[in-house]
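Structure record follows, encoded as structure tokens.
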Amino acid sequence: MASTIVEARGVTKDFGSIQAVKGVDLSIAPGELFGLIGHNGAGKSTLFKMMLGLIPLTSGTIHLDGEPITGPRFRETRRKIGYLPENVVLYDNLTGLETLYFFADLKAVPRRECAGLLDKVGLAQAAGRRVREYSKGMRQRLGFAQALLGKPRLLFLDEPTTGLDPGAIRDFYRILRELKGEGVTMVLTSHILAEIQERVDRLAIMEGGQIRATGSVQALREAMNLPLTLEIAGGAGLREQVARALEGLAIEGIDEAGSVLHIRLARDAKMPALTRLATLGDTLRDLHVREPSLEDVFFGYRN
Amino acid sequence: MLSIDFRQIGIVAGKEFWDRIRNRWVLAVSIVFTVFALVIAYFGAAQQGAVGFRSIDVTIASLVSLVIYLIPLIALILGFDAIVGERERGSLDLLLTLPITRKELILGKYTGLAGALAFSTVAGFGAVGVILSPSLSLSALFHYAGFMLSAILLGFAFLSLAVMLSVFATDRTRASGLAIGTWFFFVLVFDLLILGALVVTAGEYGGAVFPYLLLLNPADVFRILNVFSLDEVRTLYGLATVFPEALSNPATLGGVMLAWIVGPLAVAIWRFER
């Protein structure tokens with residue numbers, strides 16, 4: 001098995017005088033759940049489309065499972081991939097099951113797979129209904145079922161939870177976990193950073209057509225050296241006491257929010273701070289150490 | 001160069017065709033053709049004070065005028081959003097990530113739509129043929145079948161133009177505008193331009209070339225095909241003396257019509273692959 005399933009080297013895309021993607025190198029290992037994040041116009045959609053073979057590269061190469069997506073073996077390569085677009089627009093006049101039949105036929109996947117997939121995404125009851133009667137969330141789930149046709153080895157998911165309610169989002173990530181367990185590689189983009197920060201193995205932050213950073217969320221946090229936050233529940237009245245206990249440590253700020261005391265401190269000050277706070281004994285009711293969120297990391301890299 | 005998988009073309013064509021059957025497009029167009037054709041067959045000579053079916057030649061001559069307006073319009077409406085519609089809805093990207101080439105997709109779309117158009121034409125005009133058949137000789141039926149075949153080819157040619165426009169257009173609004181413009185140009189304006197040029201030059205300059213210029217319009221090719229297949233109609237139009245012999249050869253005209261079908265489609269494929 002190849003050590004990478006997605007391999008991009010020196011990928012550039014020019015639209016006239018605008019360079020949308022600038023010399024991107026990216027490697028994704030088999031079985032990884034990989035996130036691609038960036039603000040609008042950062043180049044992630046363009047990179048995504050180039051990986052899928054939808055738009056040609058100005059320069060560089062992209063290989064999926066060792067093959068160029070537009071090469072002579074493109075049919076075999078495309079049968080290994082599944083794609084869920086951001087705004088799933090399927091065919092209103094077809095039923096859910098007929099929609100899957102159409103895509104299954106084009107992928108040369110047996111039609112008998114379709115009913116099971118509709119069941120997997122929670123659309124078994126709506127299989128015979130026309131897509132025009134589907135809600136946005138149901139269309140998204142049908143699009144997801146379509147992406148899963150043929151048991152793809154590589155899934156591209158563009159803003160996959162758009163339009164899904166919280167229950168459906170939970171189900172969606174449950175299916176992703178199952179797929180990951182089966183060794184499926186997934187590349188997803190999302191604007192909802194809180195949603196993906198605990199779910200992706202690694203991610204790339206794109207900015208201005210370039211990849212600014214790649215790694216696990218924790219690795220990116222550590223590389224940024226963003227401050228941690230200690231949260232002391234019911235600590236609003238203890239501000240002076242806590243400040244005295246932490247004197248001399250690299251504390252960036254102490255704020256109160258409601259009844260909670262927030263202490264921002266340098267990463268390497270965490271253990272000494274916890275040791276000193278322990279001396280306050282029962283005065284402290286509860287304490288949490290909060291890592292910077294993916295949003296903090298993202299804005300840290302952008303700034 | 002990537003090979004063509006005819007199975008993929010068939011899948012896309014099948015979907016397009018059955019879409020038109022299910023949404024009753026085929027039924028509606030067939031009824032339109034049947035009703036218009038019947039009205040023309042029975043009331044076409046009403047201005048001359050006669051009502052009822054007269055002869056197949058006169059009926060076909062009247063139907064030619066109808067078809068020249070109707071079929072290009074229907075074909076352009078059918079095909080103008082074939083590609084741009086998918087692109088605008090966002091489903092084109094999804095289709096193009098599947099194991100299908102752009103050429104197969106466009107050929108599949110065209111084949112399915114052409115099938116729906118041909119089916120409507122045969123059903124609509126065929127129904128009239130069946131109704132009229134007791135009054136028709138075998139030769140007349142042959143002419144009528146020829147008329148239906150040429151009407152199908154005319155539809156294919158304009159469908160080909162519509163698909164080409166659909167590839168070039170950036171959105172559906174522009175595509176519909178281009179489709180309407182194409183209809184106006186070929187159906188209403190083109191002949192007027194040629195006629196105007198003839199009148200202005202009093203036939204002195206390049207007069208011999210003008211009849212051949214008609215080949216630049218598939219609607220005129222259709223008209224000539226039908227006019228020259230029928231003696232009575234030829235006389236009726238008074239064209240027998242002014243047209244060069246070469247233009248009366250159905251094989252040549254059929255070849256030109258074929259070029260009108262293949263040409264725009266080839267351009268559409270070329271553009272879509274870039």
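A note on labels: chains of the structure tokens are A, B, ... as shown, every chain counts residues from 1, and ligands are counted from 1 in their shown order.
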Quick one: pick out all helix (DSSP H, G or I) residues within segment 16-256 of chain B from a backbone DSSP run and write them as a ChimeraX atom specification.
/B:16-22,25-43,46-48,56-79,84-89,91-96,102-135,138-168,172-200,210-216,218-227,231-237,245-248,250-256
For the interface of chain B with chain A (cut-off 10 Å, counting only C-alpha atoms), please tabulate each contacting residue of chain B alongside its nearest pair of atoms and their separation in Å to one decimal, rows sorted by chain and increasing number, as JSON lines.
```
{"residue": "B:Met1", "atom": "CA", "partner": "A:Pro72", "partner_atom": "CA", "distance": 8.0}
{"residue": "B:Leu2", "atom": "CA", "partner": "A:Pro72", "partner_atom": "CA", "distance": 6.5}
{"residue": "B:Ser3", "atom": "CA", "partner": "A:Pro72", "partner_atom": "CA", "distance": 8.7}
{"residue": "B:Arg7", "atom": "CA", "partner": "A:Leu106", "partner_atom": "CA", "distance": 8.5}
{"residue": "B:Gln8", "atom": "CA", "partner": "A:Leu106", "partner_atom": "CA", "distance": 6.1}
{"residue": "B:Ile9", "atom": "CA", "partner": "A:Leu106", "partner_atom": "CA", "distance": 9.3}
{"residue": "B:Gly10", "atom": "CA", "partner": "A:Leu106", "partner_atom": "CA", "distance": 9.7}
{"residue": "B:Ile11", "atom": "CA", "partner": "A:Leu106", "partner_atom": "CA", "distance": 6.8}
{"residue": "B:Val12", "atom": "CA", "partner": "A:Leu106", "partner_atom": "CA", "distance": 8.2}
{"residue": "B:Gly14", "atom": "CA", "partner": "A:Phe102", "partner_atom": "CA", "distance": 9.6}
{"residue": "B:Lys15", "atom": "CA", "partner": "A:Phe102", "partner_atom": "CA", "distance": 7.6}
{"residue": "B:Asp19", "atom": "CA", "partner": "A:Asn93", "partner_atom": "CA", "distance": 7.4}
{"residue": "B:Arg22", "atom": "CA", "partner": "A:Asn93", "partner_atom": "CA", "distance": 8.3}
{"residue": "B:Asn23", "atom": "CA", "partner": "A:Asn93", "partner_atom": "CA", "distance": 7.8}
{"residue": "B:Glu86", "atom": "CA", "partner": "A:Val89", "partner_atom": "CA", "distance": 9.1}
{"residue": "B:Glu88", "atom": "CA", "partner": "A:Val89", "partner_atom": "CA", "distance": 9.8}
{"residue": "B:Arg89", "atom": "CA", "partner": "A:Val89", "partner_atom": "CA", "distance": 6.1}
{"residue": "B:Gly90", "atom": "CA", "partner": "A:Val89", "partner_atom": "CA", "distance": 6.0}
{"residue": "B:Ser91", "atom": "CA", "partner": "A:Val89", "partner_atom": "CA", "distance": 5.7}
{"residue": "B:Leu92", "atom": "CA", "partner": "A:Val89", "partner_atom": "CA", "distance": 9.4}
{"residue": "B:Asp93", "atom": "CA", "partner": "A:Leu54", "partner_atom": "CA", "distance": 6.7}
{"residue": "B:Leu94", "atom": "CA", "partner": "A:Pro85", "partner_atom": "CA", "distance": 6.9}
{"residue": "B:Leu95", "atom": "CA", "partner": "A:Phe103", "partner_atom": "CA", "distance": 8.4}
{"residue": "B:Leu96", "atom": "CA", "partner": "A:Leu54", "partner_atom": "CA", "distance": 6.7}
{"residue": "B:Thr97", "atom": "CA", "partner": "A:Leu52", "partner_atom": "CA", "distance": 6.3}
{"residue": "B:Leu98", "atom": "CA", "partner": "A:Arg78", "partner_atom": "CA", "distance": 5.8}
{"residue": "B:Pro99", "atom": "CA", "partner": "A:Arg75", "partner_atom": "CA", "distance": 4.5}
{"residue": "B:Ile100", "atom": "CA", "partner": "A:Arg75", "partner_atom": "CA", "distance": 7.1}
{"residue": "B:Thr101", "atom": "CA", "partner": "A:Arg75", "partner_atom": "CA", "distance": 8.8}
{"residue": "B:Arg274", "atom": "CA", "partner": "A:Pro56", "partner_atom": "CA", "distance": 9.1}
```
Please list as a PyMOL selection string every residue within 7 Å of segment 218-226 of chain A, counting only C-alpha atoms and excluding residues in the same chain fewer than 4 positions away.
chain A and resi 267+292+297
Output C-alpha atoms of each residue in that selection to a file, as a PDB file, in the first residue's frame.
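Output contents, as saved in selection-v1.pdb:
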```
ATOM      1  CA  ARG A 267       1.861  26.825  28.148  1.00  0.00           C
ATOM      2  CA  PRO A 292      -6.855  26.999  22.736  1.00  0.00           C
ATOM      3  CA  VAL A 297      -5.176  28.406  16.318  1.00  0.00           C
TER       4      VAL A 297
END
```
Spatial neighbours of Gly137 of chain A, max dist 8 Å, only C-alpha atoms, sep filter under 2 positions, as an mmCIF file with C-alpha atoms, in the first residue's frame:
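To be explicit, this is the file written out as out-v1.cif:
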```cif
data_model
loop_
_atom_site.group_PDB
_atom_site.id
_atom_site.type_symbol
_atom_site.label_atom_id
_atom_site.label_comp_id
_atom_site.auth_asym_id
_atom_site.auth_seq_id
_atom_site.Cartn_x
_atom_site.Cartn_y
_atom_site.Cartn_z
ATOM 1 C CA TYR A 134 -36.747 16.447 0.553
ATOM 2 C CA SER A 135 -35.595 19.018 3.093
ATOM 3 C CA ARG A 139 -30.735 16.184 0.364
ATOM 4 C CA GLN A 140 -27.415 16.451 2.162
ATOM 5 C CA ARG A 141 -27.850 12.925 3.507
ATOM 6 C CA THR A 162 -24.307 22.166 5.983
ATOM 7 C CA GLY A 163 -28.049 22.033 6.596
ATOM 8 C CA LEU A 164 -27.924 19.093 9.001
ATOM 9 C CA ASP A 165 -29.586 19.280 12.399
#
```
Nearest-residue call for Gly181 of chain B, choices B:Leu105, B:Leu161, B:Tyr110, B:Ala151, using only C-alpha atoms:
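Of all the options, B:Leu161 lies closest to Gly181 of chain B.
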With only C-alpha atoms as the atoms that count, which of B:Ala175, B:Ile224, B:Val130, B:Val84 lies nearest to Ile106 of chain B?
B:Val84
Skip Gly167 of chain A itself and residues of its chain fewer than 4 positions away, then list as a VMD selection string all residues within 12 Å of it, counting only C-alpha atoms.
chain A and resid 121 to 122 137 161 163 171 to 174
Save out the residues we just selected, all heavy atoms, as a PDB file, in the first residue's frame.
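Everything below was put into result_38.pdb:
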```pdb
ATOM      1  N   VAL A 121     -27.882   6.273   5.956  1.00  0.00           N
ATOM      2  CA  VAL A 121     -27.944   7.725   6.183  1.00  0.00           C
ATOM      3  C   VAL A 121     -29.315   8.159   6.717  1.00  0.00           C
ATOM      4  O   VAL A 121     -29.605   9.349   6.807  1.00  0.00           O
ATOM      5  CB  VAL A 121     -27.596   8.528   4.908  1.00  0.00           C
ATOM      6  CG1 VAL A 121     -26.187   8.237   4.447  1.00  0.00           C
ATOM      7  CG2 VAL A 121     -28.593   8.265   3.788  1.00  0.00           C
ATOM      8  N   GLY A 122     -30.152   7.184   7.047  1.00  0.00           N
ATOM      9  CA  GLY A 122     -31.442   7.501   7.670  1.00  0.00           C
ATOM     10  C   GLY A 122     -32.515   7.941   6.700  1.00  0.00           C
ATOM     11  O   GLY A 122     -33.428   8.688   7.060  1.00  0.00           O
ATOM     12  N   GLY A 137     -31.583  19.114   4.688  1.00  0.00           N
ATOM     13  CA  GLY A 137     -30.818  18.100   5.415  1.00  0.00           C
ATOM     14  C   GLY A 137     -30.937  16.724   4.762  1.00  0.00           C
ATOM     15  O   GLY A 137     -29.965  15.971   4.686  1.00  0.00           O
ATOM     16  N   THR A 161     -21.607  19.088   6.689  1.00  0.00           N
ATOM     17  CA  THR A 161     -22.731  19.130   7.632  1.00  0.00           C
ATOM     18  C   THR A 161     -23.644  20.330   7.405  1.00  0.00           C
ATOM     19  O   THR A 161     -24.530  20.589   8.215  1.00  0.00           O
ATOM     20  CB  THR A 161     -22.214  19.131   9.092  1.00  0.00           C
ATOM     21  OG1 THR A 161     -21.293  20.214   9.237  1.00  0.00           O
ATOM     22  CG2 THR A 161     -21.545  17.827   9.439  1.00  0.00           C
ATOM     23  N   GLY A 163     -26.622  22.346   6.667  1.00  0.00           N
ATOM     24  CA  GLY A 163     -28.049  22.033   6.596  1.00  0.00           C
ATOM     25  C   GLY A 163     -28.482  20.873   7.473  1.00  0.00           C
ATOM     26  O   GLY A 163     -29.669  20.549   7.511  1.00  0.00           O
ATOM     27  N   ASP A 171     -24.908  11.756  13.766  1.00  0.00           N
ATOM     28  CA  ASP A 171     -24.956  10.525  12.962  1.00  0.00           C
ATOM     29  C   ASP A 171     -23.898  10.547  11.865  1.00  0.00           C
ATOM     30  O   ASP A 171     -23.258   9.538  11.571  1.00  0.00           O
ATOM     31  CB  ASP A 171     -26.335  10.363  12.309  1.00  0.00           C
ATOM     32  CG  ASP A 171     -27.404  10.037  13.337  1.00  0.00           C
ATOM     33  OD1 ASP A 171     -27.042   9.658  14.471  1.00  0.00           O
ATOM     34  OD2 ASP A 171     -28.607  10.182  13.004  1.00  0.00           O
ATOM     35  N   PHE A 172     -23.744  11.733  11.271  1.00  0.00           N
ATOM     36  CA  PHE A 172     -22.772  11.879  10.180  1.00  0.00           C
ATOM     37  C   PHE A 172     -21.364  11.533  10.676  1.00  0.00           C
ATOM     38  O   PHE A 172     -20.649  10.738  10.048  1.00  0.00           O
ATOM     39  CB  PHE A 172     -22.825  13.311   9.642  1.00  0.00           C
ATOM     40  CG  PHE A 172     -21.719  13.642   8.685  1.00  0.00           C
ATOM     41  CD1 PHE A 172     -21.777  13.212   7.364  1.00  0.00           C
ATOM     42  CD2 PHE A 172     -20.611  14.362   9.104  1.00  0.00           C
ATOM     43  CE1 PHE A 172     -20.752  13.503   6.489  1.00  0.00           C
ATOM     44  CE2 PHE A 172     -19.581  14.658   8.228  1.00  0.00           C
ATOM     45  CZ  PHE A 172     -19.655  14.229   6.913  1.00  0.00           C
ATOM     46  N   TYR A 173     -20.986  12.106  11.805  1.00  0.00           N
ATOM     47  CA  TYR A 173     -19.631  11.836  12.317  1.00  0.00           C
ATOM     48  C   TYR A 173     -19.495  10.403  12.825  1.00  0.00           C
ATOM     49  O   TYR A 173     -18.395   9.846  12.810  1.00  0.00           O
ATOM     50  CB  TYR A 173     -19.232  12.869  13.365  1.00  0.00           C
ATOM     51  CG  TYR A 173     -18.794  14.180  12.728  1.00  0.00           C
ATOM     52  CD1 TYR A 173     -19.587  15.320  12.800  1.00  0.00           C
ATOM     53  CD2 TYR A 173     -17.612  14.252  12.012  1.00  0.00           C
ATOM     54  CE1 TYR A 173     -19.197  16.494  12.173  1.00  0.00           C
ATOM     55  CE2 TYR A 173     -17.213  15.425  11.388  1.00  0.00           C
ATOM     56  CZ  TYR A 173     -18.011  16.542  11.469  1.00  0.00           C
ATOM     57  OH  TYR A 173     -17.616  17.704  10.843  1.00  0.00           O
ATOM     58  N   ARG A 174     -20.618   9.828  13.259  1.00  0.00           N
ATOM     59  CA  ARG A 174     -20.570   8.404  13.647  1.00  0.00           C
ATOM     60  C   ARG A 174     -20.226   7.557  12.418  1.00  0.00           C
ATOM     61  O   ARG A 174     -19.379   6.657  12.487  1.00  0.00           O
ATOM     62  CB  ARG A 174     -21.927   7.982  14.231  1.00  0.00           C
ATOM     63  CG  ARG A 174     -22.007   6.489  14.574  1.00  0.00           C
ATOM     64  CD  ARG A 174     -23.383   6.075  15.067  1.00  0.00           C
ATOM     65  NE  ARG A 174     -24.480   6.465  14.185  1.00  0.00           N
ATOM     66  CZ  ARG A 174     -24.769   5.861  13.032  1.00  0.00           C
ATOM     67  NH1 ARG A 174     -24.040   4.837  12.619  1.00  0.00           N
ATOM     68  NH2 ARG A 174     -25.776   6.277  12.290  1.00  0.00           N
TER      69      ARG A 174
END
```
Point out the residue among A:Arg202, A:Pro166, A:Gly10, A:Gly234 with the least atom-to-atom distance to Asp286 of chain A, counting only C-alpha atoms.
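Nearest to Asp286 of chain A: A:Gly234.
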Do you know which residues are at most 12 Å from Leu280 of chain A counting only C-alpha atoms, after dropping those on the same chain fewer than 6 positions away, and could you put them as number ranges by chain?
A: 232, 235, 238, 241-246, 273-274, 286-287
Export, as a PDB file, in the first residue's frame, the selected residues with C-alpha atoms.
```pdb
ATOM      1  CA  ILE A 232     -11.981  28.216  38.107  1.00  0.00           C
ATOM      2  CA  GLY A 235     -13.812  31.668  41.544  1.00  0.00           C
ATOM      3  CA  LEU A 238     -11.052  34.730  44.574  1.00  0.00           C
ATOM      4  CA  GLN A 241      -6.108  35.346  46.237  1.00  0.00           C
ATOM      5  CA  VAL A 242      -5.416  33.549  42.943  1.00  0.00           C
ATOM      6  CA  ALA A 243      -3.331  36.426  41.588  1.00  0.00           C
ATOM      7  CA  ARG A 244      -1.157  36.319  44.703  1.00  0.00           C
ATOM      8  CA  ALA A 245      -0.728  32.547  44.417  1.00  0.00           C
ATOM      9  CA  LEU A 246       0.395  32.837  40.807  1.00  0.00           C
ATOM     10  CA  ALA A 273       0.404  27.199  38.268  1.00  0.00           C
ATOM     11  CA  LEU A 274      -1.551  24.058  39.074  1.00  0.00           C
ATOM     12  CA  ASP A 286     -13.581  23.168  40.456  1.00  0.00           C
ATOM     13  CA  LEU A 287     -10.854  23.825  37.903  1.00  0.00           C
TER      14      LEU A 287
END
```
Enumerate the residues of segment 270-303 of chain A with a DSSP assignment of strand (DSSP E), computed from the backbone, and present them as a PyMOL selection string.
chain A and resi 286-290
Measuring atom to atom with only C-alpha atoms, identify which of A:Gly35, A:Gly128, A:Gly248, A:Gly150 is nearest to Arg112 of chain A.
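The shortest atom-to-atom distance to Arg112 of chain A comes from A:Gly150.
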Near-segment 209-218 of chain B list (8 Å; only C-alpha atoms; drop same-chain fewer than 2 positions) as JSON, numbers by chain
{"B": [154, 157, 158, 186, 190, 191, 194, 198, 206, 207, 220, 221, 222, 243, 244, 247, 256, 257, 260]}
Could the residues in this selection be written to a file with C-alpha atoms, as a PDB file, in the first residue's frame?
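Below is the file that was written, out.pdb:
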```
ATOM      1  CA  LEU B 154     -34.035  19.485 -38.341  1.00  0.00           C
ATOM      2  CA  ALA B 157     -29.559  20.130 -35.899  1.00  0.00           C
ATOM      3  CA  PHE B 158     -31.126  22.790 -33.678  1.00  0.00           C
ATOM      4  CA  PHE B 186     -32.177  31.180 -38.518  1.00  0.00           C
ATOM      5  CA  PHE B 190     -31.545  34.714 -42.327  1.00  0.00           C
ATOM      6  CA  ASP B 191     -33.832  34.446 -45.365  1.00  0.00           C
ATOM      7  CA  ILE B 194     -30.400  36.804 -48.332  1.00  0.00           C
ATOM      8  CA  LEU B 198     -30.494  39.748 -53.745  1.00  0.00           C
ATOM      9  CA  GLY B 206     -22.845  36.437 -57.111  1.00  0.00           C
ATOM     10  CA  GLY B 207     -26.391  35.547 -57.999  1.00  0.00           C
ATOM     11  CA  ASP B 220     -33.590  26.209 -45.236  1.00  0.00           C
ATOM     12  CA  VAL B 221     -31.957  22.849 -45.824  1.00  0.00           C
ATOM     13  CA  PHE B 222     -35.080  21.265 -44.358  1.00  0.00           C
ATOM     14  CA  PHE B 243     -32.522  26.381 -57.995  1.00  0.00           C
ATOM     15  CA  PRO B 244     -29.353  24.678 -59.176  1.00  0.00           C
ATOM     16  CA  LEU B 247     -29.421  21.457 -54.438  1.00  0.00           C
ATOM     17  CA  VAL B 256     -25.435  19.052 -45.216  1.00  0.00           C
ATOM     18  CA  MET B 257     -28.039  18.436 -42.524  1.00  0.00           C
ATOM     19  CA  TRP B 260     -25.336  20.748 -39.114  1.00  0.00           C
TER      20      TRP B 260
END
```
Between atom CA of Asp255 of chain A and atom CA of Thr283 of chain A, distance in Å (one decimal):
18.0 Å
